[in-house]
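Notes to accompany the following structure.
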Amino acid sequence: MAGIPVKFLFFFVSMCLSINLALCASNMRNTKKTYIIQMDKRAKPDVFIDHVKWYSSLVKSVLVKSLETAGDEEERILYSYQTAFHGVAAQLSEEEVKRLQEQYGVLAVFPEIKYELHTTRSPMFLGLDREDSNKLWSDRFSDHNVIVGVLDTGIWPESPSFNDTGMTDVPAHWKGACETGRGFEKHHCSKKIVGARVFYRGYESSSGKINERDEYKSARDQDGHGTHTAGTVAGSVVRGANLLGYAYGNARGMAPGARVSAYKVCWVGGCFSSDILSAVDQAVADGVNVLSISLGGGVSSYNRDSLSIAAFGAMEKGVFVSCSAGNGGPDPISLTNVSPWITTVGASTMDRDFPATVKLGTGKIVAGASLYKGRKNLSTEKQYPLIYLGNNSSSSLPSSLCLAGTLDDASVAGKIVICDRGISPRVQKGQVVKDAGGVGMILTNTAANGEELVADSHLLPAVAVGERAGREIKHYASARNATATLRFLGTKLGIRPSPVVAAFSSRGPNFLTLEILKPDMVAPGVNILAAWTGALGPSSLPIDQRRTNFNILSGTSMSCPHVSGIAALLKARHPDWSPAAIKSALMTTAYVHDNTYKSLRDASSATPSTPYDHGAGHINPRKAVDPGLIYDIGAQDYFEFLCTQELSPSQLMVFGKFSNRTCHHSLANPGDLNYPAISAVFPEDTKVSVLTLHRTVTNVGSPISNYHVVVSSFKGAVVKVYPARLNFTSRHQKLSYKVTFETKSRQKAPEFGSLIWKDGTHKVRSPIVITWLASL
């Protein structure tokens with residue numbers, strides 16, 4: 001080597017690197033990933049007897065032939081979609097995708113996206129257990145014809161919440177199936193669980209084969225999330241339900257007479273868009289009336305969001321689609337599932353709590369919450385050493401977060417350990433403390449959680465406290481010889497104020513389209529008792545050997561099925577209502593005051609919440625059944641909205657597949673969509689000082705009805721409504737009005753208010769948001 005000039009050595013190394021990079025790039029191009037291909041159904045050549053054969057032929061025509069890929073053409077196609085969406089899911093390389101995009105009839109190609117789960121008392125809190133309420137609903141849904149499709153982790157059929165005693169035969173229109181697999185047989189379906197299907201091809205293509213020894217490759221739910229959401233939607237009445245003695249009472253779903261079809265799309269490694277899309281497509285074909293989807297995967301433009309496109313197809317078929325808003329709060333612009341044809345649900349608290357206390361060595365008692373119920377309790381007559389392994393700064397350390405492997409046994413043995421929330425699951429922190437020899441845990445909120453208290457079924461004595469109390473306890477623990485003890489006080493009802501918007505509930509605005517207010521509404525999503533799997537303990541930790549029929553969970557995953565269930569009730573009572581009519585009834589009857597008659601509050605800040613937090617407000621099922629007026633929206637109206645979104649003709653085609661839809665340009669701007677919420681957005685151009693938005697309402701109340709309008713006052717604008725009175729002479733009559741916004745002084749922050757139509761019986765309320773975009 002000594003005789004080789006340096007420049008030749010450099011050249012040789014460079015050449016080798018170039019070859020390796022080229023090979024690497026070639027391998028990347030040939031690496032197969034899952035893609036969802038949307039097809040134009042109408043473009044099928046006559047030579048193909050059906051669409052599936054055409055789709056298969058197109059995919060085969062673009063495959064890169066090689067010795068390694070010979071014979072795998074059929075295995076490349078994972079799913080074909082034919083109802084709410086048209087096309088296939090297939091494994092393709094980058095080069096093959098480019099070829100496919102050039103083929104006639106291909107509308108769009110979407111890469112696989114991973115979705116995450118958004119993880120009693122609520123019927124009573126919502127007024128569904130009152131005697132007059134039962135009379136209001138029962139006569140109309142006793143035929144049990146409404147079916148809710150739940151896309152989740154499956155279902156535990158033995159749960160008493162899915163008892164079908166007294167239910168009528170499955171409706172004749174139902175086309176669903178009961179797919180069998182390990183732990184799930186035909187007899188596990190019933191008059192309550194009318195369908196069970198599994199979708200895993202997308203998951204396996206991305207994550208490898210499911211280990212069937214560790215996971216049920218069937219509709220059986222070993223995670224618990226799907227059983228909990230299905231029970232919340234339509235669980236049968238179960239007397240004496242509780243979690244280890246907590247929340248004792250009668251458990252029932254929102255629509256106990258409705259039926260459930262479980263579509264298992266989530267596995268140990270997550271939920272994948274090709275599986276979710278196939279489940280939506282199949283559920284619509286099966287004949288569901290409502291889809292409940294407690295999942296989220298970020299926000300994409302409307303034409304790039306496969307779930308949004310599938311939901312549009314479901315809406316066209318008359319299916320109401322409810323989705324969770326996400327658990328990204330209290331950060332602004334943290335929403336998912338923001339399409340206007342999807343009902344986006346945030347989370348709020350109820351008037352039930354699970355109080356626990358921390359008594360410090362000073363004698364001070366700090367309030368908290370817990371669901372701990374174990375054999376080992378701390379003596380309330382004794383004080384235990386207290387330790388915090390952080391530094392009392394605003395930033396947490398691995399040890400202050402009680403992450404696995406960060407606690408020193410010698411330091412924490414026999415002590416109560418203070419742990420900050422974040423990074424790892426709350427119950428796992430307690431297990432880390434227990435494994436290190438700690439006798440108890442105080443779980444302290446950070447700024448992101450504020451004063452919201454989420455109770456957990458811990459494996460050692462543990463109490464959750466708010467941020468302010470946490471700071472106080474940590475400051476006390478920094479002194480020498482700090483001590484504390486923990487006490488658990490069971491279940492408490494009548495909590496005030498309630499409801500409160502959950503700190504974790506994702507927030508607006510909807511940055512895709514400011515003119516569409518999101519979330520649409522909030523519903524109970526904190527400390528919700530519902531059915532649970534028999535395969536896992538209530539803490540969800542593998543080490544937890546406890547087994548319960550019910551569990552208490554929190555998340556927008558829990559609020560979403562509340563709305564899905566109420567939608568099922570409304571569909572049963574009003575079979576002719578469209579999905580938009582049901583959403584309108586829920587939004588315009590929602591309330592914005594708590595049980596202390598003050599404005600709804602935000603748990604993260606203890607200040608009044610805004611429509612960016614709570615949408616139209618908190619659902620009110622008893623009012624929603626008779627809303628007086630509705631804002632109806634048809635599929636073509638939603639398409640006209642999309643025509644305002646600067647989408648190209650080819651991008652719009654992904655939504656116009658069923659009816660050959662074209663833009664009629666009937667909306668002057670996105671804010672003219674007949675949405676139950678009103679959002680006026682003034683552009684950056686300060687010369688634009690007047691905006692006019694239009695709405696049409698349909699009378700679903702008394703034939704002769706006379707309404708007058710009441711509008712909030714705003715600092716930055718004068719708002720006028722014309723006409724100020726609406727006089728209806730028949731049921732289902734439609735009348736239109738316009739709202740004019742005239743700027744007085746441009747405001748730096750959005751302003752919030754409301755528009756209410758009143759007839760002496762009904763109050764049809766629409767939230768108003770006025771935004772002035774800042775000049776660049």
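Ordering of the structure tokens sets the chain letters (A, B, ...); residue numbers start at 1 within each chain; ligands are numbered from 1 in the order shown.
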
Using DSSP assignments from the backbone, pull out every residue in stretch 236-374 of chain A that falls under strand (DSSP E) and give it to me as a ChimeraX atom specification. /A:238-243,246-251,259-264,266-267,270-272,290-293,295-296,320-324,343-348,352-353,355-360,365-369

What are the closest atom pairs, with distances in Å to one decimal, for all residues of stretch 226-314 of chain A lying within 12 Å of stretch 449-472 of chain A? Consider only C-alpha atoms, order rows by chain and residue number, and present the result as a tab-separated table.
```
residue	atom	partner	partner_atom	distance
A:Leu243	CA	A:Ser457	CA	8.8
A:Leu244	CA	A:Ser457	CA	8.9
A:Gly245	CA	A:Ser457	CA	11.4
A:Tyr246	CA	A:Ser457	CA	10.0
A:Ala247	CA	A:Ala455	CA	11.7
```

Using all heavy atoms, can you write the selected residues to a file as a CSV table (one decimal), in the first residue's frame?
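Everything below was put into part25.csv:
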```
chain,number,residue,atom,x,y,z
A,243,LEU,N,-65.5,-1.4,39.3
A,243,LEU,CA,-64.1,-1.8,39.2
A,243,LEU,C,-63.5,-1.9,40.6
A,243,LEU,O,-63.2,-0.8,41.3
A,243,LEU,CB,-63.3,-0.7,38.4
A,243,LEU,CG,-61.8,-0.9,38.4
A,243,LEU,CD1,-61.3,-2.2,37.8
A,243,LEU,CD2,-61.1,0.2,37.7
A,244,LEU,N,-63.3,-3.1,41.1
A,244,LEU,CA,-62.7,-3.3,42.4
A,244,LEU,C,-63.4,-2.5,43.5
A,244,LEU,O,-62.8,-2.0,44.4
A,244,LEU,CB,-61.2,-2.9,42.4
A,244,LEU,CG,-60.4,-3.6,41.3
A,244,LEU,CD1,-59.0,-3.1,41.2
A,244,LEU,CD2,-60.3,-5.2,41.5
A,245,GLY,N,-64.7,-2.4,43.3
A,245,GLY,CA,-65.5,-1.6,44.3
A,245,GLY,C,-65.7,-0.2,44.0
A,245,GLY,O,-66.6,0.5,44.5
A,246,TYR,N,-65.0,0.4,43.0
A,246,TYR,CA,-65.1,1.8,42.6
A,246,TYR,C,-66.3,1.9,41.6
A,246,TYR,O,-66.5,1.0,40.8
A,246,TYR,CB,-63.8,2.3,42.0
A,246,TYR,CG,-62.7,2.6,42.9
A,246,TYR,CD1,-61.7,1.7,43.1
A,246,TYR,CD2,-62.7,3.7,43.7
A,246,TYR,CE1,-60.6,1.9,44.0
A,246,TYR,CE2,-61.6,4.0,44.6
A,246,TYR,CZ,-60.6,3.1,44.7
A,246,TYR,OH,-59.6,3.3,45.6
A,247,ALA,N,-66.9,3.0,41.6
A,247,ALA,CA,-68.0,3.4,40.6
A,247,ALA,C,-69.1,2.3,40.6
A,247,ALA,O,-69.7,2.0,39.5
A,247,ALA,CB,-67.4,3.5,39.2
```

List the neighbours of stretch 543-557 of chain A out to 6 Å using only C-alpha atoms; skip same-chain residues closer than 5 positions along the sequence, and give me the result as a VMD selection string. chain A and resid 118 to 119 243 294 324 326 346 to 347 525 to 532 537 to 538

Excluding same-chain residues fewer than 5 positions from A:Lys209, what lies within 12 Å of it counting only C-alpha atoms, as a list of chain:residue names?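 Skipping anything fewer than 5 positions along the chain leaves A:Tyr200, A:Arg201, A:Gly202, A:Tyr203, A:Glu204, A:Asp214, A:Glu215, A:Lys217, A:Trp267, A:Val268, A:Gly269.
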
Write the residues you've just listed into a file as an mmCIF file, in the first residue's frame, and include all heavy atoms for each of them.
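Resulting contents of out.cif:
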```
data_model
loop_
_atom_site.group_PDB
_atom_site.id
_atom_site.type_symbol
_atom_site.label_atom_id
_atom_site.label_comp_id
_atom_site.auth_asym_id
_atom_site.auth_seq_id
_atom_site.Cartn_x
_atom_site.Cartn_y
_atom_site.Cartn_z
ATOM 1 N N TYR A 200 -55.796 -7.564 9.053
ATOM 2 C CA TYR A 200 -54.407 -7.577 9.516
ATOM 3 C C TYR A 200 -53.385 -7.615 8.384
ATOM 4 O O TYR A 200 -52.181 -7.618 8.635
ATOM 5 C CB TYR A 200 -54.177 -8.796 10.419
ATOM 6 C CG TYR A 200 -54.609 -10.109 9.824
ATOM 7 C CD1 TYR A 200 -53.823 -10.762 8.866
ATOM 8 C CD2 TYR A 200 -55.812 -10.701 10.203
ATOM 9 C CE1 TYR A 200 -54.230 -11.958 8.303
ATOM 10 C CE2 TYR A 200 -56.228 -11.899 9.646
ATOM 11 C CZ TYR A 200 -55.436 -12.525 8.701
ATOM 12 O OH TYR A 200 -55.848 -13.713 8.151
ATOM 13 N N ARG A 201 -53.809 -7.646 7.158
ATOM 14 C CA ARG A 201 -52.841 -7.805 6.064
ATOM 15 C C ARG A 201 -51.900 -6.612 5.978
ATOM 16 O O ARG A 201 -50.706 -6.765 5.733
ATOM 17 C CB ARG A 201 -53.580 -8.008 4.742
ATOM 18 C CG ARG A 201 -54.372 -9.312 4.678
ATOM 19 C CD ARG A 201 -55.190 -9.407 3.410
ATOM 20 N NE ARG A 201 -56.158 -10.493 3.488
ATOM 21 C CZ ARG A 201 -57.162 -10.637 2.634
ATOM 22 N NH1 ARG A 201 -57.320 -9.774 1.649
ATOM 23 N NH2 ARG A 201 -58.007 -11.644 2.760
ATOM 24 N N GLY A 202 -52.429 -5.403 6.152
ATOM 25 C CA GLY A 202 -51.574 -4.220 6.148
ATOM 26 C C GLY A 202 -50.608 -4.229 7.313
ATOM 27 O O GLY A 202 -49.426 -3.893 7.165
ATOM 28 N N TYR A 203 -51.102 -4.623 8.473
ATOM 29 C CA TYR A 203 -50.247 -4.699 9.662
ATOM 30 C C TYR A 203 -49.119 -5.702 9.444
ATOM 31 O O TYR A 203 -47.944 -5.411 9.712
ATOM 32 C CB TYR A 203 -51.094 -5.096 10.881
ATOM 33 C CG TYR A 203 -50.288 -5.341 12.136
ATOM 34 C CD1 TYR A 203 -49.813 -4.279 12.882
ATOM 35 C CD2 TYR A 203 -49.991 -6.630 12.552
ATOM 36 C CE1 TYR A 203 -49.059 -4.500 14.036
ATOM 37 C CE2 TYR A 203 -49.249 -6.867 13.692
ATOM 38 C CZ TYR A 203 -48.786 -5.794 14.433
ATOM 39 O OH TYR A 203 -48.035 -6.013 15.563
ATOM 40 N N GLU A 204 -49.453 -6.889 8.939
ATOM 41 C CA GLU A 204 -48.431 -7.917 8.758
ATOM 42 C C GLU A 204 -47.431 -7.535 7.682
ATOM 43 O O GLU A 204 -46.240 -7.862 7.792
ATOM 44 C CB GLU A 204 -49.091 -9.250 8.417
ATOM 45 C CG GLU A 204 -49.776 -9.912 9.602
ATOM 46 C CD GLU A 204 -50.131 -11.361 9.360
ATOM 47 O OE1 GLU A 204 -50.337 -11.735 8.178
ATOM 48 O OE2 GLU A 204 -50.202 -12.131 10.337
ATOM 49 N N ASP A 214 -48.983 -15.360 21.188
ATOM 50 C CA ASP A 214 -49.046 -14.218 22.095
ATOM 51 C C ASP A 214 -50.237 -13.296 21.826
ATOM 52 O O ASP A 214 -50.565 -12.455 22.665
ATOM 53 C CB ASP A 214 -47.760 -13.388 21.980
ATOM 54 C CG ASP A 214 -46.522 -14.187 22.341
ATOM 55 O OD1 ASP A 214 -46.651 -15.113 23.162
ATOM 56 O OD2 ASP A 214 -45.442 -13.888 21.801
ATOM 57 N N GLU A 215 -50.848 -13.441 20.667
ATOM 58 C CA GLU A 215 -51.909 -12.500 20.278
ATOM 59 C C GLU A 215 -53.014 -13.256 19.545
ATOM 60 O O GLU A 215 -52.741 -14.125 18.714
ATOM 61 C CB GLU A 215 -51.316 -11.408 19.386
ATOM 62 C CG GLU A 215 -52.262 -10.281 19.070
ATOM 63 C CD GLU A 215 -51.555 -9.105 18.377
ATOM 64 O OE1 GLU A 215 -50.366 -9.242 18.014
ATOM 65 O OE2 GLU A 215 -52.200 -8.059 18.213
ATOM 66 N N LYS A 217 -55.286 -13.865 16.756
ATOM 67 C CA LYS A 217 -55.477 -13.451 15.362
ATOM 68 C C LYS A 217 -56.942 -13.701 14.996
ATOM 69 O O LYS A 217 -57.284 -14.433 14.067
ATOM 70 C CB LYS A 217 -54.538 -14.220 14.441
ATOM 71 C CG LYS A 217 -54.370 -13.596 13.058
ATOM 72 C CD LYS A 217 -53.299 -14.326 12.266
ATOM 73 C CE LYS A 217 -53.114 -13.731 10.894
ATOM 74 N NZ LYS A 217 -52.039 -14.429 10.129
ATOM 75 N N TRP A 267 -53.645 -3.933 16.425
ATOM 76 C CA TRP A 267 -52.890 -5.060 16.934
ATOM 77 C C TRP A 267 -51.820 -4.538 17.886
ATOM 78 O O TRP A 267 -51.748 -3.329 18.135
ATOM 79 C CB TRP A 267 -52.308 -5.853 15.771
ATOM 80 C CG TRP A 267 -53.385 -6.234 14.800
ATOM 81 C CD1 TRP A 267 -53.852 -5.489 13.751
ATOM 82 C CD2 TRP A 267 -54.212 -7.412 14.833
ATOM 83 N NE1 TRP A 267 -54.898 -6.132 13.121
ATOM 84 C CE2 TRP A 267 -55.139 -7.317 13.763
ATOM 85 C CE3 TRP A 267 -54.240 -8.547 15.648
ATOM 86 C CZ2 TRP A 267 -56.077 -8.309 13.503
ATOM 87 C CZ3 TRP A 267 -55.180 -9.541 15.384
ATOM 88 C CH2 TRP A 267 -56.079 -9.426 14.320
ATOM 89 N N VAL A 268 -51.003 -5.401 18.404
ATOM 90 C CA VAL A 268 -50.007 -5.000 19.395
ATOM 91 C C VAL A 268 -49.134 -3.853 18.876
ATOM 92 O O VAL A 268 -48.797 -2.930 19.605
ATOM 93 C CB VAL A 268 -49.129 -6.206 19.800
ATOM 94 C CG1 VAL A 268 -47.915 -5.738 20.588
ATOM 95 C CG2 VAL A 268 -49.936 -7.199 20.637
ATOM 96 N N GLY A 269 -48.800 -3.880 17.592
ATOM 97 C CA GLY A 269 -47.911 -2.866 17.021
ATOM 98 C C GLY A 269 -48.606 -1.674 16.421
ATOM 99 O O GLY A 269 -47.952 -0.829 15.796
#
```

Distance atom CA of A:Met167-atom CA of A:Ala84, one decimal place?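 It comes out at 29.4 Å.
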
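Atom to atom, atom CA of A:Leu541 and atom CA of A:Ser379 stand 26.0 Å apart.
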
Residue nearest A:Gly405 among A:Gly701, A:Thr380, A:Lys687, A:Gln431 (counting only C-alpha atoms):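 Using only C-alpha atoms, A:Gly405 sits closest to A:Gln431.
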
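Nearest to A:Phe641 of all the residues A:Arg765, A:Leu335, A:Tyr302, A:Pro611 is A:Tyr302, counting only C-alpha atoms.
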